[in-house]
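Participant: Enclosed is the structure file coords-v2.cif (mmCIF, C-alpha atoms (C1' of nucleotides)).
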data_data
#
loop_
_atom_site.label_atom_id
_atom_site.label_comp_id
_atom_site.auth_asym_id
_atom_site.auth_seq_id
_atom_site.Cartn_x
_atom_site.Cartn_y
_atom_site.Cartn_z
CA MET E 175 -90.76 -89.84 3.03
CA THR E 176 -93.87 -91.89 2.36
CA LEU E 177 -95.55 -92.22 5.72
CA ASN E 178 -98.18 -94.74 6.64
CA ALA E 179 -101.26 -93.94 8.71
CA LYS E 180 -99.58 -94.78 11.99
CA GLN E 181 -96.58 -92.56 11.36
CA LYS E 182 -98.80 -89.72 10.25
CA LYS E 183 -100.80 -89.96 13.43
CA ALA E 184 -97.64 -90.00 15.52
CA LEU E 185 -96.40 -86.93 13.74
CA LYS E 186 -99.68 -85.19 14.42
CA THR E 187 -99.34 -86.02 18.09
CA LYS E 188 -95.83 -84.62 18.10
CA LYS E 189 -97.00 -81.46 16.41
CA ARG E 190 -99.84 -81.07 18.89
CA ILE E 191 -97.46 -81.41 21.82
CA LEU E 192 -95.01 -78.96 20.28
CA GLU E 193 -97.61 -76.33 19.54
CA THR E 194 -99.32 -76.65 22.90
CA ALA E 195 -95.99 -76.38 24.68
CA LEU E 196 -94.83 -73.32 22.74
CA GLU E 197 -98.20 -71.71 23.28
CA LEU E 198 -97.98 -72.30 27.03
CA PHE E 199 -94.36 -71.16 27.20
CA SER E 200 -95.22 -67.90 25.48
CA GLN E 201 -98.18 -67.40 27.80
CA LYS E 202 -96.52 -68.12 31.13
CA GLY E 203 -92.83 -68.62 30.53
CA TYR E 204 -90.83 -71.80 30.27
CA ASN E 205 -90.25 -72.34 33.97
CA GLN E 206 -93.88 -71.77 34.87
CA VAL E 207 -95.05 -74.57 32.62
CA THR E 208 -94.85 -78.22 33.68
CA VAL E 209 -94.67 -81.23 31.42
CA ASP E 210 -97.84 -82.51 33.09
CA GLU E 211 -99.59 -79.36 32.04
CA ILE E 212 -98.42 -79.65 28.45
CA VAL E 213 -99.54 -83.25 28.38
CA GLU E 214 -102.92 -82.43 29.83
CA LYS E 215 -103.64 -79.48 27.54
CA SER E 216 -102.51 -81.33 24.45
CA LYS E 217 -104.54 -84.38 25.50
CA THR E 218 -101.60 -86.70 25.26
CA SER E 219 -99.47 -88.39 27.89
CA LYS E 220 -96.04 -88.50 29.43
CA GLY E 221 -95.33 -91.52 27.32
CA ALA E 222 -96.16 -89.64 24.15
CA PHE E 223 -94.20 -86.58 25.24
CA TYR E 224 -91.00 -88.43 26.01
CA GLY E 225 -91.47 -90.63 22.99
CA HIS E 226 -91.19 -87.53 20.83
CA PHE E 227 -88.87 -85.29 22.85
CA ALA E 228 -85.87 -86.20 24.93
CA SER E 229 -86.55 -83.48 27.47
CA LYS E 230 -88.66 -80.46 28.19
CA SER E 231 -85.97 -78.14 26.89
CA GLU E 232 -85.79 -79.97 23.60
CA ILE E 233 -89.03 -78.29 22.65
CA PHE E 234 -87.15 -75.02 22.59
CA LEU E 235 -84.32 -76.62 20.66
CA GLU E 236 -86.82 -77.63 18.00
CA LYS E 237 -88.00 -74.04 17.76
CA PHE E 238 -84.43 -72.76 17.77
CA LYS E 239 -83.59 -74.94 14.78
CA GLU E 240 -85.90 -72.80 12.69
CA ILE E 241 -83.00 -70.38 12.73
CA ASP E 242 -81.83 -72.07 9.56
CA ASN E 243 -84.74 -70.43 7.77
CA PHE E 244 -83.49 -67.12 9.07
CA TYR E 245 -79.97 -67.80 7.75
CA ASP E 246 -81.31 -68.75 4.34
CA GLU E 247 -83.41 -65.62 4.19
CA PHE E 248 -80.47 -63.51 5.30
CA CYS E 249 -78.09 -64.89 2.68
CA LYS E 250 -80.59 -64.27 -0.06
CA THR E 251 -80.99 -60.60 0.75
CA LEU E 252 -77.36 -59.81 1.45
CA PRO E 253 -75.72 -57.77 -1.34
CA ASN E 254 -72.89 -59.82 -2.76
CA GLU E 255 -70.57 -56.92 -3.40
CA LEU E 256 -69.98 -56.19 0.27
CA SER E 257 -66.62 -56.96 1.83
CA ALA E 258 -66.36 -60.24 3.72
CA LYS E 259 -65.92 -58.33 6.94
CA GLU E 260 -69.06 -56.36 6.32
CA LYS E 261 -70.96 -59.55 5.55
CA ILE E 262 -69.90 -61.15 8.81
CA ILE E 263 -70.78 -58.06 10.78
CA ARG E 264 -74.20 -57.81 9.20
CA LEU E 265 -74.80 -61.51 9.73
CA SER E 266 -73.92 -61.19 13.39
CA ILE E 267 -76.01 -58.14 14.02
CA THR E 268 -79.04 -59.38 12.14
CA GLN E 269 -78.76 -62.69 13.90
CA MET E 270 -78.66 -61.05 17.31
CA LYS E 271 -81.74 -59.03 16.45
CA TYR E 272 -83.50 -62.21 15.43
CA LEU E 273 -82.55 -64.05 18.61
CA LYS E 274 -83.53 -61.12 20.77
CA ASN E 275 -86.80 -60.19 19.12
CA ASP E 276 -88.09 -63.38 17.55
CA LEU E 277 -86.85 -66.16 19.79
CA GLY E 278 -86.43 -64.23 23.01
CA LYS E 279 -84.07 -64.35 25.95
CA GLU E 280 -85.79 -67.15 27.85
CA LEU E 281 -85.68 -69.57 24.95
CA MET E 282 -82.05 -68.82 24.26
CA GLN E 283 -81.07 -69.03 27.90
CA THR E 284 -82.85 -72.34 28.28
CA ILE E 285 -80.87 -73.80 25.41
CA TYR E 286 -77.56 -72.29 26.45
CA MET E 287 -77.80 -73.28 30.10
CA ASN E 288 -78.76 -76.85 29.42
CA PRO E 289 -75.80 -79.18 28.77
CA GLN E 290 -77.90 -81.47 26.62
CA SER E 291 -79.37 -78.91 24.26
CA ALA E 292 -76.24 -76.74 24.26
CA LYS E 293 -74.42 -79.55 22.51
CA PHE E 294 -76.33 -78.60 19.40
CA LEU E 295 -74.56 -75.24 19.33
CA ALA E 296 -71.29 -77.10 19.00
CA ASP E 297 -72.40 -78.93 15.88
CA THR E 298 -70.09 -77.49 13.25
CA ASN E 299 -72.37 -78.77 10.53
CA ARG E 300 -75.09 -76.32 11.28
CA ARG E 301 -75.83 -73.65 8.72
CA LEU E 302 -74.13 -70.89 10.71
CA TYR E 303 -70.71 -72.47 10.42
CA HIS E 304 -71.03 -73.10 6.71
CA ILE E 305 -72.02 -69.53 6.05
CA LEU E 306 -69.25 -68.16 8.23
CA GLU E 307 -66.71 -70.39 6.57
CA ASN E 308 -67.78 -69.18 3.15
CA TYR E 309 -67.42 -65.53 4.07
CA LEU E 310 -64.11 -66.19 5.78
CA GLN E 311 -62.74 -68.04 2.82
CA GLU E 312 -63.83 -65.24 0.53
CA GLY E 313 -62.12 -62.79 2.88
CA GLN E 314 -58.91 -64.76 3.01
CA GLU E 315 -58.82 -65.15 -0.75
CA LYS E 316 -59.37 -61.47 -1.32
CA GLY E 317 -56.59 -60.76 1.14
CA GLU E 318 -58.95 -59.11 3.61
CA PHE E 319 -58.10 -61.43 6.47
CA THR E 320 -54.93 -62.83 7.93
CA LYS E 321 -53.87 -66.34 7.03
CA ASP E 322 -52.38 -66.89 10.47
CA PHE E 323 -55.53 -68.81 11.25
CA SER E 324 -57.28 -71.51 9.25
CA ILE E 325 -60.85 -71.01 8.10
CA GLN E 326 -61.99 -73.38 10.82
CA GLU E 327 -60.07 -71.50 13.47
CA LEU E 328 -61.52 -68.19 12.34
CA ALA E 329 -65.03 -69.61 12.29
CA MET E 330 -64.45 -70.84 15.81
CA ILE E 331 -63.25 -67.43 16.95
CA ILE E 332 -66.16 -65.54 15.40
CA SER E 333 -68.80 -67.98 16.55
CA ARG E 334 -67.28 -67.99 20.01
CA CYS E 335 -67.71 -64.25 20.14
CA MET E 336 -71.37 -64.82 19.41
CA ARG E 337 -71.69 -67.46 22.10
CA GLY E 338 -69.78 -65.36 24.59
CA THR E 339 -71.98 -62.38 23.87
CA LEU E 340 -75.16 -64.37 24.20
CA TYR E 341 -73.92 -65.96 27.39
CA ASP E 342 -73.25 -62.52 28.83
CA TRP E 343 -76.73 -61.45 27.81
CA PHE E 344 -78.03 -64.15 30.15
CA ILE E 345 -75.84 -63.64 33.15
CA PHE E 346 -75.55 -59.88 33.49
CA GLU E 347 -78.27 -58.38 35.60
CA LYS E 348 -78.18 -54.95 34.05
CA GLU E 349 -79.86 -55.67 30.74
CA LEU E 350 -77.17 -56.03 28.10
CA ASP E 351 -78.07 -55.51 24.46
CA PRO E 352 -76.59 -58.40 22.46
CA VAL E 353 -76.83 -56.36 19.26
CA ILE E 354 -74.64 -53.58 20.58
CA GLU E 355 -72.34 -56.02 22.32
CA ILE E 356 -71.62 -58.18 19.29
CA GLU E 357 -70.77 -55.10 17.28
CA LYS E 358 -68.16 -53.99 19.81
CA MET E 359 -66.84 -57.50 20.12
CA LEU E 360 -66.34 -57.90 16.39
CA GLN E 361 -64.82 -54.48 16.01
CA ALA E 362 -62.19 -55.62 18.50
CA VAL E 363 -61.63 -58.94 16.80
CA PHE E 364 -61.35 -57.53 13.30
CA GLN E 365 -59.16 -54.53 14.01
CA GLY E 366 -57.48 -55.70 17.17
CA ILE E 367 -57.12 -53.66 20.33
CA GLU E 368 -53.39 -53.20 19.99
CA LYS E 369 -51.98 -50.00 18.57
CA TYR E 370 -49.41 -50.50 15.87
CA MET W 497 -65.51 -61.09 63.95
CA THR W 498 -66.12 -62.12 67.57
CA LEU W 499 -68.38 -65.14 67.34
CA ASN W 500 -70.42 -66.54 70.16
CA ALA W 501 -70.69 -70.26 70.86
CA LYS W 502 -73.78 -70.70 68.72
CA GLN W 503 -72.27 -69.05 65.68
CA LYS W 504 -69.10 -71.06 66.04
CA LYS W 505 -71.09 -74.27 66.12
CA ALA W 506 -73.08 -73.22 63.07
CA LEU W 507 -69.87 -72.48 61.24
CA LYS W 508 -68.57 -75.90 62.13
CA THR W 509 -71.73 -77.46 60.73
CA LYS W 510 -71.33 -75.49 57.54
CA LYS W 511 -67.74 -76.57 57.22
CA ARG W 512 -68.67 -80.20 57.80
CA ILE W 513 -71.32 -80.05 55.08
CA LEU W 514 -68.95 -78.33 52.67
CA GLU W 515 -66.14 -80.78 53.19
CA THR W 516 -68.35 -83.84 53.03
CA ALA W 517 -69.96 -82.58 49.85
CA LEU W 518 -66.67 -81.79 48.12
CA GLU W 519 -65.30 -85.16 49.18
CA LEU W 520 -68.32 -86.93 47.71
CA PHE W 521 -68.26 -84.86 44.53
CA SER W 522 -64.64 -85.74 43.92
CA GLN W 523 -65.35 -89.40 44.60
CA LYS W 524 -68.43 -89.86 42.43
CA GLY W 525 -68.99 -86.68 40.50
CA TYR W 526 -71.41 -83.86 41.17
CA ASN W 527 -74.42 -85.36 39.44
CA GLN W 528 -74.02 -88.71 41.16
CA VAL W 529 -74.27 -87.18 44.62
CA THR W 530 -77.61 -86.25 46.18
CA VAL W 531 -78.23 -83.67 48.85
CA ASP W 532 -79.75 -86.43 50.97
CA GLU W 533 -76.49 -88.29 50.76
CA ILE W 534 -74.44 -85.25 51.74
CA VAL W 535 -76.74 -84.63 54.66
CA GLU W 536 -76.58 -88.22 55.80
CA LYS W 537 -72.81 -88.54 55.56
CA SER W 538 -72.18 -85.24 57.27
CA LYS W 539 -74.73 -86.12 59.98
CA THR W 540 -76.68 -82.95 59.50
CA SER W 541 -80.06 -82.28 57.89
CA LYS W 542 -81.77 -80.68 54.96
CA GLY W 543 -82.60 -77.78 57.22
CA ALA W 544 -78.94 -77.27 58.06
CA PHE W 545 -77.86 -77.68 54.44
CA TYR W 546 -80.26 -75.12 53.06
CA GLY W 547 -79.67 -72.85 56.02
CA HIS W 548 -76.05 -72.59 54.94
CA PHE W 549 -76.24 -72.96 51.16
CA ALA W 550 -78.83 -71.66 48.74
CA SER W 551 -78.52 -74.67 46.47
CA LYS W 552 -76.52 -77.77 45.77
CA SER W 553 -74.43 -75.98 43.16
CA GLU W 554 -73.53 -73.23 45.59
CA ILE W 555 -71.12 -75.66 47.18
CA PHE W 556 -69.10 -75.51 44.01
CA LEU W 557 -69.43 -71.76 43.88
CA GLU W 558 -67.89 -71.59 47.35
CA LYS W 559 -64.97 -73.65 46.10
CA PHE W 560 -64.71 -71.57 42.95
CA LYS W 561 -64.38 -68.40 44.99
CA GLU W 562 -61.02 -69.63 46.19
CA ILE W 563 -59.85 -68.48 42.79
CA ASP W 564 -59.11 -65.14 44.39
CA ASN W 565 -56.21 -66.78 46.17
CA PHE W 566 -54.95 -67.89 42.79
CA TYR W 567 -55.18 -64.35 41.42
CA ASP W 568 -53.31 -62.94 44.39
CA GLU W 569 -50.60 -65.50 44.01
CA PHE W 570 -50.38 -64.86 40.29
CA CYS W 571 -50.01 -61.10 40.66
CA LYS W 572 -47.27 -61.50 43.20
CA THR W 573 -45.12 -63.66 40.93
CA LEU W 574 -45.70 -61.75 37.70
CA PRO W 575 -42.65 -59.69 36.62
CA ASN W 576 -43.65 -56.07 36.57
CA GLU W 577 -41.58 -55.12 33.54
CA LEU W 578 -43.68 -57.14 31.09
CA SER W 579 -45.90 -55.38 28.60
CA ALA W 580 -49.55 -55.07 29.52
CA LYS W 581 -50.46 -57.38 26.67
CA GLU W 582 -48.04 -60.00 27.91
CA LYS W 583 -49.46 -59.69 31.41
CA ILE W 584 -52.99 -60.26 30.21
CA ILE W 585 -51.97 -63.23 28.10
CA ARG W 586 -50.10 -64.81 30.98
CA LEU W 587 -52.99 -64.17 33.34
CA SER W 588 -55.40 -65.83 30.94
CA ILE W 589 -53.25 -68.85 30.27
CA THR W 590 -52.32 -69.43 33.87
CA GLN W 591 -55.94 -69.02 34.86
CA MET W 592 -57.09 -71.59 32.33
CA LYS W 593 -54.51 -74.03 33.59
CA TYR W 594 -55.76 -73.49 37.11
CA LEU W 595 -59.39 -74.00 36.15
CA LYS W 596 -58.60 -77.07 34.13
CA ASN W 597 -56.21 -78.80 36.51
CA ASP W 598 -57.19 -77.59 39.98
CA LEU W 599 -60.93 -76.99 39.79
CA GLY W 600 -61.81 -79.30 36.94
CA LYS W 601 -64.32 -79.29 34.13
CA GLU W 602 -67.28 -80.59 36.08
CA LEU W 603 -67.08 -77.90 38.73
CA MET W 604 -66.73 -75.17 36.15
CA GLN W 605 -69.52 -76.52 34.00
CA THR W 606 -71.81 -76.78 36.99
CA ILE W 607 -71.26 -73.11 37.78
CA TYR W 608 -71.49 -71.93 34.19
CA MET W 609 -74.61 -73.88 33.32
CA ASN W 610 -76.52 -72.80 36.40
CA PRO W 611 -78.27 -69.44 36.05
CA GLN W 612 -78.07 -68.81 39.77
CA SER W 613 -74.39 -69.42 40.28
CA ALA W 614 -73.42 -68.02 36.88
CA LYS W 615 -74.56 -64.62 38.09
CA PHE W 616 -71.43 -64.52 40.19
CA LEU W 617 -69.32 -64.50 37.04
CA ALA W 618 -71.01 -61.26 36.06
CA ASP W 619 -70.01 -59.52 39.27
CA THR W 620 -67.62 -56.87 38.01
CA ASN W 621 -66.29 -56.40 41.51
CA ARG W 622 -64.53 -59.72 41.56
CA ARG W 623 -60.78 -59.74 41.65
CA LEU W 624 -60.46 -60.74 37.99
CA TYR W 625 -62.02 -57.53 36.73
CA HIS W 626 -59.90 -55.33 38.96
CA ILE W 627 -56.72 -57.00 37.79
CA LEU W 628 -57.73 -56.82 34.16
CA GLU W 629 -58.66 -53.17 34.49
CA ASN W 630 -55.28 -52.38 36.02
CA TYR W 631 -53.37 -54.04 33.21
CA LEU W 632 -55.60 -52.43 30.61
CA GLN W 633 -55.16 -48.99 32.08
CA GLU W 634 -51.42 -49.50 32.18
CA GLY W 635 -51.57 -50.58 28.54
CA GLN W 636 -53.66 -47.61 27.47
CA GLU W 637 -51.42 -45.19 29.31
CA LYS W 638 -48.28 -46.63 27.76
CA GLY W 639 -49.96 -46.38 24.36
CA GLU W 640 -50.01 -50.12 23.90
CA PHE W 641 -53.76 -50.34 23.43
CA THR W 642 -56.34 -48.41 21.47
CA LYS W 643 -58.42 -45.80 23.22
CA ASP W 644 -61.40 -46.56 21.01
CA PHE W 645 -62.73 -48.54 23.94
CA SER W 646 -62.99 -47.59 27.60
CA ILE W 647 -61.19 -49.65 30.21
CA GLN W 648 -64.52 -51.19 31.19
CA GLU W 649 -65.33 -52.10 27.61
CA LEU W 650 -61.94 -53.68 27.14
CA ALA W 651 -62.26 -55.65 30.37
CA MET W 652 -65.63 -56.85 29.16
CA ILE W 653 -64.19 -57.95 25.83
CA ILE W 654 -61.26 -59.82 27.35
CA SER W 655 -63.29 -61.47 30.08
CA ARG W 656 -65.93 -62.42 27.53
CA CYS W 657 -63.25 -64.21 25.55
CA MET W 658 -62.51 -66.17 28.70
CA ARG W 659 -66.15 -67.00 29.29
CA GLY W 660 -66.69 -67.91 25.65
CA THR W 661 -63.68 -70.16 25.70
CA LEU W 662 -64.75 -71.89 28.87
CA TYR W 663 -68.26 -72.27 27.57
CA ASP W 664 -66.91 -73.95 24.46
CA TRP W 665 -64.82 -76.23 26.62
CA PHE W 666 -68.08 -77.53 28.08
CA ILE W 667 -70.15 -77.92 24.95
CA PHE W 668 -67.75 -79.32 22.39
CA GLU W 669 -67.59 -83.09 22.43
CA LYS W 670 -64.12 -83.40 21.02
CA GLU W 671 -62.11 -82.40 24.04
CA LEU W 672 -61.08 -78.76 23.60
CA ASP W 673 -58.07 -77.46 25.51
CA PRO W 674 -59.05 -74.14 27.08
CA VAL W 675 -55.38 -73.18 27.46
CA ILE W 676 -54.69 -73.44 23.75
CA GLU W 677 -58.02 -71.90 22.85
CA ILE W 678 -57.65 -68.79 24.98
CA GLU W 679 -54.24 -68.16 23.48
CA LYS W 680 -55.63 -68.20 19.95
CA MET W 681 -58.60 -66.12 20.99
CA LEU W 682 -56.44 -63.41 22.54
CA GLN W 683 -54.03 -63.39 19.66
CA ALA W 684 -57.00 -62.55 17.46
CA VAL W 685 -58.32 -59.89 19.79
CA PHE W 686 -55.00 -58.17 20.31
CA GLN W 687 -53.75 -58.13 16.75
CA GLY W 688 -57.01 -58.37 14.89
CA ILE W 689 -57.76 -60.74 12.08
CA GLU W 690 -57.87 -58.05 9.42
CA LYS W 691 -54.92 -57.42 7.21
CA TYR W 692 -53.92 -53.79 6.93
"C1'" DG K 959 -109.49 -112.87 8.63
"C1'" DG K 960 -106.42 -114.26 12.29
"C1'" DT K 961 -102.08 -114.22 14.74
"C1'" DC K 962 -97.63 -111.98 15.42
"C1'" DT K 963 -94.70 -107.99 15.81
"C1'" DA K 964 -93.52 -103.28 16.20
"C1'" DT K 965 -94.65 -98.78 17.35
"C1'" DA K 966 -97.22 -95.27 19.95
"C1'" DA K 967 -99.51 -93.80 23.90
"C1'" DA K 968 -101.17 -94.08 28.72
"C1'" DG K 969 -100.36 -93.17 33.23
"C1'" DA K 970 -98.44 -95.04 37.61
"C1'" DC K 971 -94.11 -94.61 39.74
"C1'" DT K 972 -89.36 -92.91 41.10
"C1'" DA K 973 -85.71 -89.76 42.22
"C1'" DC K 974 -84.32 -85.80 44.03
"C1'" DA K 975 -83.88 -80.60 44.73
"C1'" DG K 976 -85.82 -77.56 47.41
"C1'" DT K 977 -89.63 -75.84 51.06
"C1'" DC K 978 -92.07 -75.71 55.26
"C1'" DT K 979 -93.20 -76.56 59.95
"C1'" DA K 980 -91.84 -78.24 64.22
"C1'" DT K 981 -88.31 -78.80 67.69
"C1'" DT K 982 -84.14 -77.95 69.98
"C1'" DT K 983 -80.53 -74.90 71.48
"C1'" DT K 984 -78.60 -70.58 72.64
"C1'" DT K 985 -78.86 -65.73 73.76
"C1'" DT K 986 -80.91 -61.72 75.86
"C1'" DA K 987 -83.48 -59.23 79.16
"C1'" DT K 988 -85.41 -58.87 83.49
"C1'" DA B 393 -82.95 -68.19 87.56
"C1'" DT B 394 -86.74 -67.69 84.18
"C1'" DA B 395 -89.31 -66.16 80.33
"C1'" DA B 396 -89.17 -64.56 75.77
"C1'" DA B 397 -86.92 -64.13 71.46
"C1'" DA B 398 -83.83 -65.60 68.00
"C1'" DA B 399 -81.11 -68.77 65.56
"C1'" DA B 400 -79.96 -73.39 64.05
"C1'" DT B 401 -81.33 -77.92 62.95
"C1'" DA B 402 -84.39 -81.89 62.06
"C1'" DG B 403 -86.93 -84.22 58.94
"C1'" DA B 404 -91.57 -84.68 56.82
"C1'" DC B 405 -93.52 -82.95 52.72
"C1'" DT B 406 -94.07 -81.02 47.89
"C1'" DG B 407 -93.31 -80.27 43.02
"C1'" DT B 408 -91.80 -81.82 38.93
"C1'" DA B 409 -88.71 -83.95 35.38
"C1'" DG B 410 -88.02 -88.07 33.74
"C1'" DT B 411 -88.57 -93.58 33.74
"C1'" DC B 412 -90.82 -97.87 33.53
"C1'" DT B 413 -94.48 -101.07 32.82
"C1'" DT B 414 -98.72 -101.84 30.70
"C1'" DT B 415 -102.08 -101.37 27.18
"C1'" DA B 416 -103.82 -100.06 22.63
"C1'" DT B 417 -103.23 -99.71 17.67
"C1'" DA B 418 -101.69 -100.60 13.23
"C1'" DG B 419 -98.95 -102.98 9.80
"C1'" DA B 420 -97.14 -107.56 8.01
"C1'" DC B 421 -97.27 -112.12 6.91
"C1'" DC B 422 -99.52 -116.40 6.28
#
Go ahead and express the file in the form of structure tokens.
Facilitator:
Amino acid sequence: MTLNAKQKKALKTKKRILETALELFSQKGYNQVTVDEIVEKSKTSKGAFYGHFASKSEIFLEKFKEIDNFYDEFCKTLPNELSAKEKIIRLSITQMKYLKNDLGKELMQTIYMNPQSAKFLADTNRRLYHILENYLQEGQEKGEFTKDFSIQELAMIISRCMRGTLYDWFIFEKELDPVIEIEKMLQAVFQGIEKY
Amino acid sequence: MTLNAKQKKALKTKKRILETALELFSQKGYNQVTVDEIVEKSKTSKGAFYGHFASKSEIFLEKFKEIDNFYDEFCKTLPNELSAKEKIIRLSITQMKYLKNDLGKELMQTIYMNPQSAKFLADTNRRLYHILENYLQEGQEKGEFTKDFSIQELAMIISRCMRGTLYDWFIFEKELDPVIEIEKMLQAVFQGIEKY
DNA sequence: GGTCTATAAAGACTACAGTCTATTTTTTAT
DNA sequence: ATAAAAAATAGACTGTAGTCTTTATAGACC
């Protein structure tokens, strides 16, 4: 982690590009901003831009990755005595609020609709999966959840509900609220829609 | 439906473009084919292409819409005495097989990852939603399903499971089988993952 | 301190989806 | 038949993401 002068300068360039780009995106929207514009305003060059980022959308991915701070913060403030189910529901709802209010629909849609950046969502080593797996394990151990599925399968099911809900947020014209939608979705998944 | 000579000719042009494009896509893959190439091979022009299709990906959307034939066929062969749950499960599984084997991952991914064409998936007037709503209504009436959700909400939940599963098919590196995944997903949604 | 190498940055260039204007072809009205 | 209007098609042109080649800069080694 001990950087020499050259590396420090490069990092400063990267930061300048990132900040300029995010600034422009928030001013005019992702699709209204060109890479040429970012490069011009940040006084860098195409070479510098693509040396630091693989694509225009990767800028958003970088921003999106800050979500790990959100998860950390969330875990800290969550009362431990809640049921595992309640923890997962609160995680999901709080997360949706964060994505909706702090990151915004355009950023999320850009990541989700881009095959390259969307791959990151499938990385089962990201914080989200670890947290989910913990709560699920706790739930299974306490006998709250079925053991018909493995922890990994359950994490996949829950996280898929999140992805499905977010995806629907992007594609439905009539403005869908991801917070309300994830709540309904999870209610169905936890209790089931069958009568017994 | 009575076309004059001009309209008939235009339709022939459209058909020629469509067939040439699909042929090329299947030969080299969607991303390896350019509109210029389609236009050249079909002996038409950019003007003709964009007169008939709003975008390159709309070609795939056109092909995707044939799915209604699949749904019709499916409904015809489905035994009526099955439970509503069983009907929905069979619909989902058979559909996934169709998407995977007949349409293919690239076509589906192209539609799903494209904001313009993805809007079509959100059209609640497509055949899929009507069929789902029928089965769900049948299930609610027979007392198979909870009435905590409206038919429309249930259709949204089930179809979102489908979309989420397909989306995951696209983004996970390690080849996911959408047929197996939808089965697990629905098992969870029908029975719930909570122990009671 | 000079040469050699590796990394960063510059910016010209390419590829390609989609637009725009011009031209041809067909229909309609007289 | 002929002029005017409408529709379809041709293909030149534009915008922009991303690549490629060149140049500058800094560290390393003698």
Participant: Give me, as JSON lines, the closest atom pair and its distance (Å, one decimal) for every residue of chain E within a cut-off of 10 Å of chain B, counting all atoms listed in the file, rows sorted by chain and rising number.
Facilitator:
{"residue": "E:Asn178", "atom": "CA", "partner": "B:DG419", "partner_atom": "C1'", "distance": 8.9}
{"residue": "E:Ala179", "atom": "CA", "partner": "B:DA418", "partner_atom": "C1'", "distance": 8.1}
{"residue": "E:Lys180", "atom": "CA", "partner": "B:DA418", "partner_atom": "C1'", "distance": 6.3}
{"residue": "E:Gln181", "atom": "CA", "partner": "B:DA418", "partner_atom": "C1'", "distance": 9.7}
{"residue": "E:Thr208", "atom": "CA", "partner": "B:DT408", "partner_atom": "C1'", "distance": 7.1}
{"residue": "E:Val209", "atom": "CA", "partner": "B:DA409", "partner_atom": "C1'", "distance": 7.7}
{"residue": "E:Asp210", "atom": "CA", "partner": "B:DT408", "partner_atom": "C1'", "distance": 8.4}
{"residue": "E:Lys220", "atom": "CA", "partner": "B:DG410", "partner_atom": "C1'", "distance": 9.1}
{"residue": "E:Gly221", "atom": "CA", "partner": "B:DT411", "partner_atom": "C1'", "distance": 9.5}
{"residue": "E:Tyr224", "atom": "CA", "partner": "B:DG410", "partner_atom": "C1'", "distance": 8.3}
{"residue": "E:Ala228", "atom": "CA", "partner": "B:DG410", "partner_atom": "C1'", "distance": 9.3}
{"residue": "E:Ser229", "atom": "CA", "partner": "B:DG410", "partner_atom": "C1'", "distance": 7.9}
{"residue": "E:Lys230", "atom": "CA", "partner": "B:DA409", "partner_atom": "C1'", "distance": 8.0}
Participant: With distances taken over all atoms listed in the file, which residue among W:Leu507, W:Ile654, W:Val529, W:Ile667 lies nearest chain K?
Facilitator: W:Val529
Participant: Which residues fall under the PyMOL selection byres ((chain W) within 7 of (chain E)) in this file, as a list in words?
Facilitator: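 Matching residues under the PyMOL selection byres ((chain W) within 7 of (chain E)) are Met609, Asn610, Pro611, Ala614, Lys615, Ala618, Glu640, Phe641, Thr642, Ile653, Arg656, Cys657, Arg659, Gly660, Ile667, Phe668, Met681, Ala684, Val685, Phe686, Gln687, Gly688, Ile689, Glu690 and Lys691 of chain W.
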Participant: Taking all atoms listed in the file into account, what are the residues of chain K at most 7 Å from chain E, put as a list in words?
Facilitator: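 Therefore, the residues near the partner are DA966, DA967 and DA968 of chain K.
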Participant: Could you tell me how far CA of Leu273 (chain E) lies from CA of Ser324 (chain E), in Å and to one decimal?
Facilitator: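 Separating CA of Leu273 (chain E) from CA of Ser324 (chain E) is a distance of 28.0 Å.
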Participant: With all atoms listed in the file as the counted atoms, please give the residues lying no more than 12 Å from Lys583 (chain W), apart from itself and same-chain residues fewer than 3 positions off, as number ranges by chain.
Facilitator: W: 570-571, 573-580, 586-591, 627-632, 634-635, 682
Participant: Between CA of Ile563 (chain W) and CA of Trp343 (chain E), what is the spacing in Å?
Facilitator: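 Distance reported for this atom pair: 23.6 Å.
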Participant: In Å, how far is it from CA of Val535 (chain W) to CA of Leu599 (chain W)?
Facilitator: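 Interatomic distance, CA of Val535 (chain W) to CA of Leu599 (chain W): 23.0 Å.
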Participant: Can you give me, as a list in words, the residues this file yields under the PyMOL selection byres ((chain W and resi 603) around 10)?
Facilitator: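 Checking the PyMOL selection byres ((chain W and resi 603) around 10) against this file, the residues are Phe521, Ser522, Gly525, Tyr526, Ser553, Ile555, Phe556, Leu557, Lys559, Phe560, Leu595, Lys596, Asp598, Leu599, Gly600, Lys601, Glu602, Met604, Gln605, Thr606, Ile607 and Tyr608 of chain W.
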Participant: First collect every listed atom of region 959-969 of chain K; then fit an axis-aligned box around them, widen it by 8 Å on each side, and give centre and edge lengths in Å to one decimal, as JSON.
Facilitator:
{"center_x": -101.5, "center_y": -103.7, "center_z": 20.9, "size_x": 32.0, "size_y": 37.1, "size_z": 40.6}
